[in-house]
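Raw contents of final_9.cif, mmCIF, C-alpha atoms:
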```cif
data_model
loop_
_atom_site.label_atom_id
_atom_site.label_comp_id
_atom_site.auth_asym_id
_atom_site.auth_seq_id
_atom_site.Cartn_x
_atom_site.Cartn_y
_atom_site.Cartn_z
CA MET A 1 -38.01 -12.73 16.08
CA GLU A 2 -36.10 -15.91 15.25
CA ARG A 3 -36.63 -15.31 11.53
CA VAL A 4 -35.33 -11.76 11.85
CA HIS A 5 -32.24 -13.07 13.60
CA LEU A 6 -31.64 -15.64 10.86
CA VAL A 7 -31.88 -12.98 8.17
CA LEU A 8 -29.54 -10.58 9.97
CA ARG A 9 -27.06 -13.35 10.66
CA GLU A 10 -26.98 -14.36 7.02
CA VAL A 11 -26.44 -10.77 5.87
CA GLY A 12 -23.62 -10.37 8.38
CA ALA A 13 -21.99 -13.61 7.25
CA HIS A 14 -21.51 -12.18 3.76
CA GLU A 15 -19.88 -8.90 4.70
CA PRO A 16 -18.39 -6.97 3.00
CA ASP A 17 -19.56 -8.31 -0.38
CA GLY A 18 -23.25 -8.56 0.46
CA VAL A 19 -25.83 -11.22 -0.41
CA ASN A 20 -29.01 -11.26 -2.49
CA THR A 21 -32.51 -12.14 -1.34
CA THR A 22 -32.60 -15.51 -3.06
CA GLN A 23 -29.34 -16.61 -1.43
CA ILE A 24 -30.61 -15.64 2.00
CA ALA A 25 -33.90 -17.50 1.49
CA ARG A 26 -32.09 -20.62 0.36
CA ALA A 27 -29.60 -20.53 3.24
CA ILE A 28 -32.18 -20.15 6.03
CA GLY A 29 -34.97 -22.21 4.48
CA LEU A 30 -37.65 -19.52 4.25
CA PRO A 31 -39.76 -18.52 1.21
CA ARG A 32 -38.24 -15.70 -0.82
CA PRO A 33 -41.29 -13.39 -0.38
CA THR A 34 -41.03 -13.79 3.40
CA VAL A 35 -37.34 -12.95 3.36
CA HIS A 36 -37.97 -9.98 1.08
CA ARG A 37 -40.60 -8.64 3.49
CA LEU A 38 -38.31 -9.09 6.50
CA LEU A 39 -35.45 -7.33 4.71
CA GLY A 40 -37.74 -4.44 3.84
CA SER A 41 -38.72 -4.02 7.47
CA LEU A 42 -35.10 -4.19 8.58
CA ARG A 43 -34.12 -1.58 5.97
CA GLU A 44 -36.75 0.82 7.31
CA VAL A 45 -35.02 0.87 10.70
CA GLY A 46 -31.48 0.96 9.31
CA MET A 47 -30.49 -2.59 10.22
CA VAL A 48 -29.69 -3.50 6.61
CA GLU A 49 -29.02 -1.56 3.42
CA ARG A 50 -29.42 -2.51 -0.23
CA GLU A 51 -26.63 -1.63 -2.65
CA THR A 52 -28.21 0.05 -5.66
CA ASP A 53 -25.67 -1.21 -8.18
CA SER A 54 -25.96 -4.89 -7.27
CA ASP A 55 -29.20 -5.35 -5.31
CA ARG A 56 -27.16 -7.10 -2.63
CA TRP A 57 -27.94 -6.65 1.04
CA VAL A 58 -25.30 -5.44 3.50
CA VAL A 59 -25.26 -4.57 7.20
CA GLY A 60 -26.86 -1.20 7.96
CA SER A 61 -25.59 1.77 9.94
CA GLU A 62 -27.98 1.16 12.84
CA LEU A 63 -26.32 -2.18 13.55
CA TYR A 64 -22.99 -0.40 13.65
CA VAL A 65 -24.33 2.00 16.27
CA LEU A 66 -25.80 -0.81 18.37
CA GLY A 67 -22.62 -2.81 17.98
CA ALA A 68 -20.52 0.08 19.20
CA VAL A 69 -22.70 0.34 22.30
CA ALA A 70 -22.51 -3.40 22.95
CA ALA A 71 -18.76 -3.37 22.43
CA ARG A 72 -18.29 -1.30 25.58
CA ARG A 73 -19.44 -4.32 27.57
CA HIS A 74 -18.47 -7.30 25.40
CA ASP A 75 -15.56 -6.39 23.11
CA VAL A 76 -12.29 -8.13 23.93
CA THR A 77 -10.66 -7.78 20.52
CA GLN A 78 -8.39 -5.05 21.91
CA TYR A 79 -6.69 -7.77 23.95
CA ALA A 80 -6.75 -10.35 21.16
CA LEU A 81 -5.41 -8.24 18.28
CA PRO A 82 -1.73 -8.04 19.35
CA ILE A 83 -1.67 -11.76 20.11
CA VAL A 84 -3.23 -12.63 16.76
CA ARG A 85 -0.61 -10.50 15.05
CA GLU A 86 2.18 -12.12 17.05
CA LEU A 87 0.99 -15.59 16.00
CA ALA A 88 0.92 -14.57 12.34
CA VAL A 89 4.44 -13.12 12.52
CA ALA A 90 5.88 -16.03 14.49
CA THR A 91 4.47 -18.76 12.22
CA GLY A 92 4.03 -17.13 8.81
CA GLU A 93 0.47 -18.52 8.75
CA SER A 94 -2.88 -16.72 8.90
CA ALA A 95 -4.08 -16.18 12.46
CA PHE A 96 -7.63 -15.65 13.71
CA PHE A 97 -9.69 -14.93 16.81
CA SER A 98 -13.22 -16.35 17.05
CA VAL A 99 -16.03 -16.16 19.57
CA ARG A 100 -18.68 -18.70 20.53
CA ARG A 101 -22.24 -17.54 19.87
CA GLY A 102 -24.72 -20.22 20.87
CA ASN A 103 -23.84 -23.31 18.85
CA ASP A 104 -21.65 -21.43 16.36
CA THR A 105 -18.26 -19.79 16.20
CA ILE A 106 -17.84 -16.41 14.50
CA CYS A 107 -14.49 -15.09 13.36
CA LEU A 108 -13.82 -11.61 14.80
CA LEU A 109 -10.20 -10.95 13.78
CA ALA A 110 -7.94 -12.09 10.97
CA GLU A 111 -4.26 -11.42 10.33
CA ASP A 112 -2.29 -12.76 7.35
CA GLY A 113 1.18 -14.20 7.84
CA ALA A 114 4.16 -13.83 5.55
CA PHE A 115 3.70 -17.14 3.71
CA PRO A 116 2.10 -16.27 0.34
CA LEU A 117 -0.29 -19.24 0.05
CA ARG A 118 -3.32 -18.98 2.31
CA SER A 119 -6.39 -20.86 3.42
CA HIS A 120 -9.59 -19.03 2.55
CA VAL A 121 -11.97 -20.89 4.86
CA LEU A 122 -11.90 -18.32 7.65
CA HIS A 123 -12.38 -14.57 7.35
CA GLU A 124 -13.82 -11.89 9.59
CA GLY A 125 -17.53 -12.61 10.00
CA ALA A 126 -17.29 -16.26 8.95
CA ARG A 127 -19.66 -18.46 10.98
CA PHE A 128 -19.49 -22.23 11.45
CA PRO A 129 -21.27 -24.68 13.76
CA LEU A 130 -19.39 -26.11 16.72
CA GLY A 131 -17.38 -29.14 15.65
CA VAL A 132 -16.63 -27.64 12.23
CA VAL A 133 -13.28 -25.86 11.60
CA SER A 134 -10.65 -26.07 14.28
CA ALA A 135 -12.01 -23.20 16.42
CA GLY A 136 -15.40 -24.88 16.73
CA LEU A 137 -13.81 -28.24 17.43
CA ALA A 138 -11.57 -26.80 20.15
CA ILE A 139 -14.52 -25.17 21.90
CA LEU A 140 -16.72 -28.24 21.54
CA ALA A 141 -14.03 -30.45 23.07
CA HIS A 142 -13.96 -28.29 26.20
CA LEU A 143 -17.68 -28.70 26.88
CA ASP A 144 -18.87 -31.48 29.19
CA ASP A 145 -19.91 -34.81 27.71
CA ARG A 146 -23.63 -34.25 28.28
CA GLU A 147 -23.60 -30.90 26.49
CA ILE A 148 -21.68 -32.40 23.57
CA ALA A 149 -24.13 -35.31 23.31
CA ASP A 150 -27.16 -33.02 23.41
CA TYR A 151 -25.65 -30.79 20.75
CA LEU A 152 -24.80 -33.65 18.39
CA ASP A 153 -28.29 -35.08 18.87
CA ALA A 154 -29.76 -31.79 17.66
CA VAL A 155 -27.61 -31.13 14.57
CA ASP A 156 -26.75 -32.92 11.33
CA LEU A 157 -23.28 -31.67 10.44
CA ALA A 158 -22.68 -34.47 7.94
CA THR A 159 -25.45 -33.32 5.59
CA GLN A 160 -23.93 -29.86 5.21
CA PHE A 161 -20.23 -30.58 5.63
CA GLY A 162 -19.84 -34.19 4.53
CA PRO A 163 -19.45 -37.63 6.15
CA ALA A 164 -16.24 -36.58 7.91
CA HIS A 165 -18.53 -34.57 10.18
CA GLY A 166 -20.70 -37.49 11.23
CA ARG A 167 -21.27 -37.99 14.94
CA ASP A 168 -18.65 -40.70 15.49
CA ALA A 169 -16.01 -38.81 13.51
CA VAL A 170 -16.63 -35.61 15.47
CA LEU A 171 -16.45 -37.47 18.79
CA GLU A 172 -13.16 -39.05 17.75
CA ARG A 173 -11.71 -35.61 16.99
CA VAL A 174 -13.06 -34.33 20.30
CA ALA A 175 -11.16 -37.09 22.10
CA THR A 176 -7.97 -36.29 20.18
CA THR A 177 -8.36 -32.59 20.95
CA ARG A 178 -8.73 -33.33 24.64
CA ARG A 179 -5.54 -35.41 24.60
CA HIS A 180 -3.46 -32.75 22.87
CA GLY A 181 -5.13 -29.63 24.26
CA TYR A 182 -5.46 -28.13 20.77
CA ALA A 183 -7.66 -28.99 17.78
CA VAL A 184 -6.56 -29.93 14.27
CA ASN A 185 -8.74 -29.67 11.17
CA PRO A 186 -6.98 -31.71 8.44
CA GLY A 187 -8.62 -30.09 5.43
CA LEU A 188 -12.12 -31.31 6.23
CA VAL A 189 -14.00 -28.17 5.09
CA VAL A 190 -11.85 -27.35 2.04
CA GLU A 191 -9.41 -29.96 0.80
CA GLY A 192 -5.81 -28.97 1.45
CA SER A 193 -6.76 -26.16 3.82
CA TRP A 194 -5.66 -27.04 7.35
CA GLY A 195 -6.26 -25.34 10.67
CA MET A 196 -5.28 -25.63 14.32
CA ALA A 197 -6.92 -23.91 17.29
CA ALA A 198 -6.75 -23.48 21.06
CA VAL A 199 -9.45 -22.29 23.44
CA VAL A 200 -9.48 -18.97 25.26
CA PHE A 201 -11.40 -19.07 28.54
CA ASP A 202 -13.54 -16.42 30.21
CA VAL A 203 -13.38 -15.53 33.90
CA ALA A 204 -15.72 -18.43 34.73
CA GLU A 205 -13.28 -20.83 33.01
CA GLN A 206 -15.75 -21.43 30.19
CA PRO A 207 -14.52 -21.91 26.59
CA ARG A 208 -15.75 -18.67 25.03
CA TRP A 209 -13.20 -17.86 22.31
CA ALA A 210 -10.53 -19.55 20.21
CA LEU A 211 -7.24 -18.67 18.53
CA THR A 212 -6.62 -20.32 15.17
CA LEU A 213 -3.80 -20.78 12.68
CA THR A 214 -4.63 -21.83 9.12
CA GLY A 215 -2.66 -22.60 5.99
CA VAL A 216 -2.00 -25.05 3.21
CA GLU A 217 -1.50 -28.73 3.98
CA HIS A 218 2.27 -29.00 3.55
CA ARG A 219 2.74 -26.22 6.11
CA PHE A 220 0.88 -28.29 8.70
CA SER A 221 2.86 -31.50 8.64
CA PRO A 222 2.60 -33.80 11.67
CA GLU A 223 6.13 -32.82 12.64
CA ARG A 224 5.02 -29.20 13.00
CA HIS A 225 1.85 -29.88 14.99
CA ALA A 226 3.61 -29.89 18.35
CA GLU A 227 5.36 -26.58 17.61
CA LEU A 228 2.22 -24.81 16.41
CA GLY A 229 0.09 -26.40 19.12
CA ASP A 230 2.44 -25.20 21.83
CA LEU A 231 2.42 -21.67 20.40
CA LEU A 232 -1.38 -21.66 20.31
CA LEU A 233 -1.76 -22.99 23.84
CA ARG A 234 0.66 -20.46 25.28
CA ALA A 235 -0.98 -17.62 23.35
CA ALA A 236 -4.45 -18.75 24.46
CA HIS A 237 -3.35 -18.85 28.11
CA THR A 238 -1.85 -15.37 27.82
CA LEU A 239 -4.99 -14.00 26.20
CA SER A 240 -7.28 -15.61 28.79
CA THR A 241 -5.26 -13.90 31.52
CA ARG A 242 -5.22 -10.52 29.77
CA ILE A 243 -8.97 -10.57 29.19
CA ALA A 244 -9.63 -11.41 32.83
CA ARG A 245 -7.30 -8.70 34.09
CA GLY A 246 -8.49 -6.17 31.54
CA THR A 247 -12.11 -6.55 32.57
CA GLY A 248 -11.14 -6.19 36.20
CA ARG A 249 -12.45 -9.59 37.19
CA ARG A 250 -9.32 -11.40 38.24
#
```

Take the structure from the file and write it as structure tokens.
Amino acid sequence: MERVHLVLREVGAHEPDGVNTTQIARAIGLPRPTVHRLLGSLREVGMVERETDSDRWVVGSELYVLGAVAARRHDVTQYALPIVRELAVATGESAFFSVRRGNDTICLLAEDGAFPLRSHVLHEGARFPLGVVSAGLAILAHLDDREIADYLDAVDLATQFGPAHGRDAVLERVATTRRHGYAVNPGLVVEGSWGMAAVVFDVAEQPRWALTLTGVEHRFSPERHAELGDLLLRAAHTLSTRIARGTGRR
């Protein structure tokens, strides 16, 4: 079951362009024949589809149906979308809404701002481990110290994302995020591509989602951090409240 989940997650991460079998096998560390067999089984039940012109795998119609059913219980994007759009209009930057799934964040919504140069790190469906990109850093910083320590003991972010994601560096950014209330990613995933994020809480006051602004480096000067951070924090508070009220739990 874990292998099936890894395969599906990798296919979903490459929507809408799709991904080939070899790329999936390399990304999840399984032999190509094993991945090919799993994809064949998933295709039989409609979970994935194979594009005939490119041999690339994409999400299947059955996942859409299941997702629509699950959305009745879990979807909060209806509350997030207007706020994401407001952030993009107010700042001119690209705005995003991400959700925590286990030890990852997944981007659910994206809205481009008016400024013509954009960061291309985040997009709908993009997945990153906690502590990587500003959304994952913001959420990580709002976990308790024991949970953060256990997580960093179990992962090796530096191998995949470079020495700037070593344990000590991540903990330093966690401390800075806690002081400011918002997270800043100073081009650590893609050089020159900056991001800032603030946490959105669920009804149990747990950090479940994040709002993000991204753009090119000169648009995220230190002088502008306070302005953008304040906008993000206020928007995140508003969204937390709307989600709680909208689900009838507060």

Between A:Leu140, A:Ala158, A:Ala244, A:Val190, single out the one closest to A:Asp202, counting all atoms listed in the file.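 Among the listed residues, A:Ala244 lies closest to A:Asp202.
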
Between atom CA of A:Glu124 and atom CA of A:Leu109, what is the distance, to one decimal in Å?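 Rounded to one decimal, the two atoms are 5.6 Å apart.
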
Interface rows for stretch 44-130 of chain A against stretch 235-242 of chain A: nearest pair, Å to one decimal, 9 Å, all atoms listed in the file, as a Markdown table:
```
| residue | atom | partner | partner_atom | distance |
| --- | --- | --- | --- | --- |
| A:Tyr79 | CA | A:Arg242 | CA | 6.6 |
| A:Ala80 | CA | A:Leu239 | CA | 6.5 |
| A:Ile83 | CA | A:Ala235 | CA | 6.7 |
| A:Val84 | CA | A:Ala235 | CA | 8.6 |
| A:Glu86 | CA | A:Ala235 | CA | 8.9 |
| A:Leu87 | CA | A:Ala235 | CA | 7.9 |
```

Which one is closest to A:Arg3: A:Ser98, A:Ala149, A:Glu15, A:Ala25? Count only C-alpha atoms.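 Comparing A:Ser98, A:Ala149, A:Glu15, A:Ala25 against A:Arg3, the winner is A:Ala25.
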
List the spatial neighbours of A:Leu38 as a PyMOL selection string - criterion: any atom at most 10 Å away, only C-alpha atoms, same-chain residues fewer than 5 positions off excluded. chain A and resi 3-4+7-8+32-33+43

Taking the file above as input, evaluate the PyMOL selection byres ((chain A and resi 184) around 10) and report the hits as a list in words. Val133, Ser134, Ala135, Leu137, Ala138, Arg173, Val174, Thr176, Thr177, His180, Tyr182, Ala183, Asn185, Pro186, Gly187, Leu188, Trp194, Gly195, Met196, Ala197, Ala198, Thr212, Leu213, Thr214, Phe220, His225 and Gly229 of chain A

I need the chosen residues saved as a PDB file, in the coordinates of the input, with C-alpha atoms.
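What follows is the written file selection-v4.pdb:
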```
ATOM      1  CA  VAL A 133     -13.280 -25.860  11.600  1.00  0.00           C
ATOM      2  CA  SER A 134     -10.650 -26.070  14.280  1.00  0.00           C
ATOM      3  CA  ALA A 135     -12.010 -23.200  16.420  1.00  0.00           C
ATOM      4  CA  LEU A 137     -13.810 -28.240  17.430  1.00  0.00           C
ATOM      5  CA  ALA A 138     -11.570 -26.800  20.150  1.00  0.00           C
ATOM      6  CA  ARG A 173     -11.710 -35.610  16.990  1.00  0.00           C
ATOM      7  CA  VAL A 174     -13.060 -34.330  20.300  1.00  0.00           C
ATOM      8  CA  THR A 176      -7.970 -36.290  20.180  1.00  0.00           C
ATOM      9  CA  THR A 177      -8.360 -32.590  20.950  1.00  0.00           C
ATOM     10  CA  HIS A 180      -3.460 -32.750  22.870  1.00  0.00           C
ATOM     11  CA  TYR A 182      -5.460 -28.130  20.770  1.00  0.00           C
ATOM     12  CA  ALA A 183      -7.660 -28.990  17.780  1.00  0.00           C
ATOM     13  CA  ASN A 185      -8.740 -29.670  11.170  1.00  0.00           C
ATOM     14  CA  PRO A 186      -6.980 -31.710   8.440  1.00  0.00           C
ATOM     15  CA  GLY A 187      -8.620 -30.090   5.430  1.00  0.00           C
ATOM     16  CA  LEU A 188     -12.120 -31.310   6.230  1.00  0.00           C
ATOM     17  CA  TRP A 194      -5.660 -27.040   7.350  1.00  0.00           C
ATOM     18  CA  GLY A 195      -6.260 -25.340  10.670  1.00  0.00           C
ATOM     19  CA  MET A 196      -5.280 -25.630  14.320  1.00  0.00           C
ATOM     20  CA  ALA A 197      -6.920 -23.910  17.290  1.00  0.00           C
ATOM     21  CA  ALA A 198      -6.750 -23.480  21.060  1.00  0.00           C
ATOM     22  CA  THR A 212      -6.620 -20.320  15.170  1.00  0.00           C
ATOM     23  CA  LEU A 213      -3.800 -20.780  12.680  1.00  0.00           C
ATOM     24  CA  THR A 214      -4.630 -21.830   9.120  1.00  0.00           C
ATOM     25  CA  PHE A 220       0.880 -28.290   8.700  1.00  0.00           C
ATOM     26  CA  HIS A 225       1.850 -29.880  14.990  1.00  0.00           C
ATOM     27  CA  GLY A 229       0.090 -26.400  19.120  1.00  0.00           C
TER      28      GLY A 229
END
```

How would you write, as a PyMOL selection string, the residues chosen by the PyMOL selection byres ((chain A and resi 111) around 6) on this structure? chain A and resi 94-95+110+112

Looking at all atoms listed in the file, which of A:Leu143, A:Val189, A:Ala13, A:Met1 is the one that sits closest to A:Leu157?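 Of A:Leu143, A:Val189, A:Ala13, A:Met1, the one nearest A:Leu157, counting all atoms listed in the file, is A:Val189.
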
Counting all atoms listed in the file, find the residues whose atoms lie at most 12 Å from (-19.3, -9.8, -3.4) (file coordinates) and write them out as a list in words. Val11, Ala13, His14, Glu15, Pro16, Asp17, Gly18, Val19, Asn20, Glu51, Asp53, Ser54, Asp55, Arg56, Trp57 and Val58 of chain A

Okay, now the selection with C-alpha atoms, as a short mmCIF file (atom, residue, chain, number, x, y, z; two decimals), in the coordinates of the input?
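Final output, saved to result.cif:
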```cif
data_model
loop_
_atom_site.label_atom_id
_atom_site.label_comp_id
_atom_site.auth_asym_id
_atom_site.auth_seq_id
_atom_site.Cartn_x
_atom_site.Cartn_y
_atom_site.Cartn_z
CA VAL A 11 -26.44 -10.77 5.87
CA ALA A 13 -21.99 -13.61 7.25
CA HIS A 14 -21.51 -12.18 3.76
CA GLU A 15 -19.88 -8.90 4.70
CA PRO A 16 -18.39 -6.97 3.00
CA ASP A 17 -19.56 -8.31 -0.38
CA GLY A 18 -23.25 -8.56 0.46
CA VAL A 19 -25.83 -11.22 -0.41
CA ASN A 20 -29.01 -11.26 -2.49
CA GLU A 51 -26.63 -1.63 -2.65
CA ASP A 53 -25.67 -1.21 -8.18
CA SER A 54 -25.96 -4.89 -7.27
CA ASP A 55 -29.20 -5.35 -5.31
CA ARG A 56 -27.16 -7.10 -2.63
CA TRP A 57 -27.94 -6.65 1.04
CA VAL A 58 -25.30 -5.44 3.50
#
```

Name the residues in contact with A:Thr91 at a cut-off of 8 Å, using all atoms listed in the file, excluding same-chain residues fewer than 2 positions from it; report them as an MDAnalysis selection string. chainID A and resid 87:89 93 113 228

What does the distance between atom CA of A:His165 and atom CA of A:Arg234 come to in Å, to one decimal place?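 It comes out at 28.2 Å.
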
Have a look at atom CA of A:Met47 and atom CA of A:Ile106 and let me know their distance in Å, one decimal.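 Here the two named atoms are 19.2 Å from each other.
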
Any idea what's packed within 12 Å of A:Val155, counting only C-alpha atoms, ignoring anything in its chain fewer than 4 positions away? Could you give it as a PDB file with C-alpha atoms, keeping the file's coordinate frame?
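So the final result, stored in out.pdb, reads:
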```pdb
ATOM      1  CA  ASN A 103     -23.840 -23.310  18.850  1.00  0.00           C
ATOM      2  CA  ASP A 104     -21.650 -21.430  16.360  1.00  0.00           C
ATOM      3  CA  PRO A 129     -21.270 -24.680  13.760  1.00  0.00           C
ATOM      4  CA  LEU A 130     -19.390 -26.110  16.720  1.00  0.00           C
ATOM      5  CA  GLY A 131     -17.380 -29.140  15.650  1.00  0.00           C
ATOM      6  CA  VAL A 132     -16.630 -27.640  12.230  1.00  0.00           C
ATOM      7  CA  ILE A 148     -21.680 -32.400  23.570  1.00  0.00           C
ATOM      8  CA  ALA A 149     -24.130 -35.310  23.310  1.00  0.00           C
ATOM      9  CA  ASP A 150     -27.160 -33.020  23.410  1.00  0.00           C
ATOM     10  CA  TYR A 151     -25.650 -30.790  20.750  1.00  0.00           C
ATOM     11  CA  THR A 159     -25.450 -33.320   5.590  1.00  0.00           C
ATOM     12  CA  GLN A 160     -23.930 -29.860   5.210  1.00  0.00           C
ATOM     13  CA  PHE A 161     -20.230 -30.580   5.630  1.00  0.00           C
ATOM     14  CA  HIS A 165     -18.530 -34.570  10.180  1.00  0.00           C
ATOM     15  CA  GLY A 166     -20.700 -37.490  11.230  1.00  0.00           C
ATOM     16  CA  ARG A 167     -21.270 -37.990  14.940  1.00  0.00           C
ATOM     17  CA  VAL A 170     -16.630 -35.610  15.470  1.00  0.00           C
TER      18      VAL A 170
END
```

All file atoms of stretch 162-176 of chain A boxed axis-aligned, 8 Å per side, centre plus edges, as lines of an AutoDock Vina configuration file:
```
center_x = -14.6
center_y = -37.4
center_z = 13.3
size_x = 29.3
size_y = 22.5
size_z = 33.6
```

Judged by all atoms listed in the file, the minimum distance to A:Val35 among A:His5, A:Glu172, A:Arg224, A:Glu62 is found for A:His5

Of the candidates A:Val48, A:Leu39, A:Ala175, A:Val216, which shows the shortest atom-to-atom distance to A:His142, using only C-alpha atoms?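 Of all the options, A:Ala175 lies closest to A:His142.
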
Would you mind putting N, CA, C and O atoms back on stretch 151-162 of chain A and writing the result as a CSV table (one decimal), in the frame of the given file?
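Contents of part15.csv, as written:
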```
chain,number,residue,atom,x,y,z
A,151,TYR,N,-25.9,-31.6,22.0
A,151,TYR,CA,-25.6,-30.8,20.8
A,151,TYR,C,-25.6,-31.7,19.5
A,151,TYR,O,-26.3,-31.4,18.5
A,152,LEU,N,-24.9,-32.8,19.6
A,152,LEU,CA,-24.8,-33.6,18.4
A,152,LEU,C,-26.1,-34.3,18.1
A,152,LEU,O,-26.4,-34.7,16.9
A,153,ASP,N,-27.0,-34.5,19.1
A,153,ASP,CA,-28.3,-35.1,18.9
A,153,ASP,C,-29.2,-34.1,18.1
A,153,ASP,O,-30.1,-34.5,17.4
A,154,ALA,N,-28.9,-32.8,18.2
A,154,ALA,CA,-29.8,-31.8,17.7
A,154,ALA,C,-29.3,-31.3,16.3
A,154,ALA,O,-30.1,-30.6,15.6
A,155,VAL,N,-28.1,-31.7,15.8
A,155,VAL,CA,-27.6,-31.1,14.6
A,155,VAL,C,-27.3,-32.3,13.6
A,155,VAL,O,-27.1,-33.4,14.0
A,156,ASP,N,-27.2,-32.0,12.3
A,156,ASP,CA,-26.8,-32.9,11.3
A,156,ASP,C,-25.6,-32.3,10.5
A,156,ASP,O,-25.8,-31.8,9.4
A,157,LEU,N,-24.4,-32.3,11.1
A,157,LEU,CA,-23.3,-31.7,10.4
A,157,LEU,C,-22.9,-32.4,9.2
A,157,LEU,O,-22.4,-31.8,8.2
A,158,ALA,N,-23.1,-33.7,9.1
A,158,ALA,CA,-22.7,-34.5,7.9
A,158,ALA,C,-23.4,-34.1,6.7
A,158,ALA,O,-22.8,-34.1,5.6
A,159,THR,N,-24.7,-33.7,6.8
A,159,THR,CA,-25.4,-33.3,5.6
A,159,THR,C,-24.9,-32.1,4.9
A,159,THR,O,-24.8,-32.0,3.7
A,160,GLN,N,-24.5,-31.1,5.8
A,160,GLN,CA,-23.9,-29.9,5.2
A,160,GLN,C,-22.4,-29.9,4.9
A,160,GLN,O,-22.0,-29.3,3.9
A,161,PHE,N,-21.7,-30.6,5.7
A,161,PHE,CA,-20.2,-30.6,5.6
A,161,PHE,C,-19.6,-31.9,5.2
A,161,PHE,O,-18.4,-32.0,5.2
A,162,GLY,N,-20.4,-32.9,5.0
A,162,GLY,CA,-19.8,-34.2,4.5
A,162,GLY,C,-19.7,-35.2,5.6
A,162,GLY,O,-19.8,-34.9,6.8
```
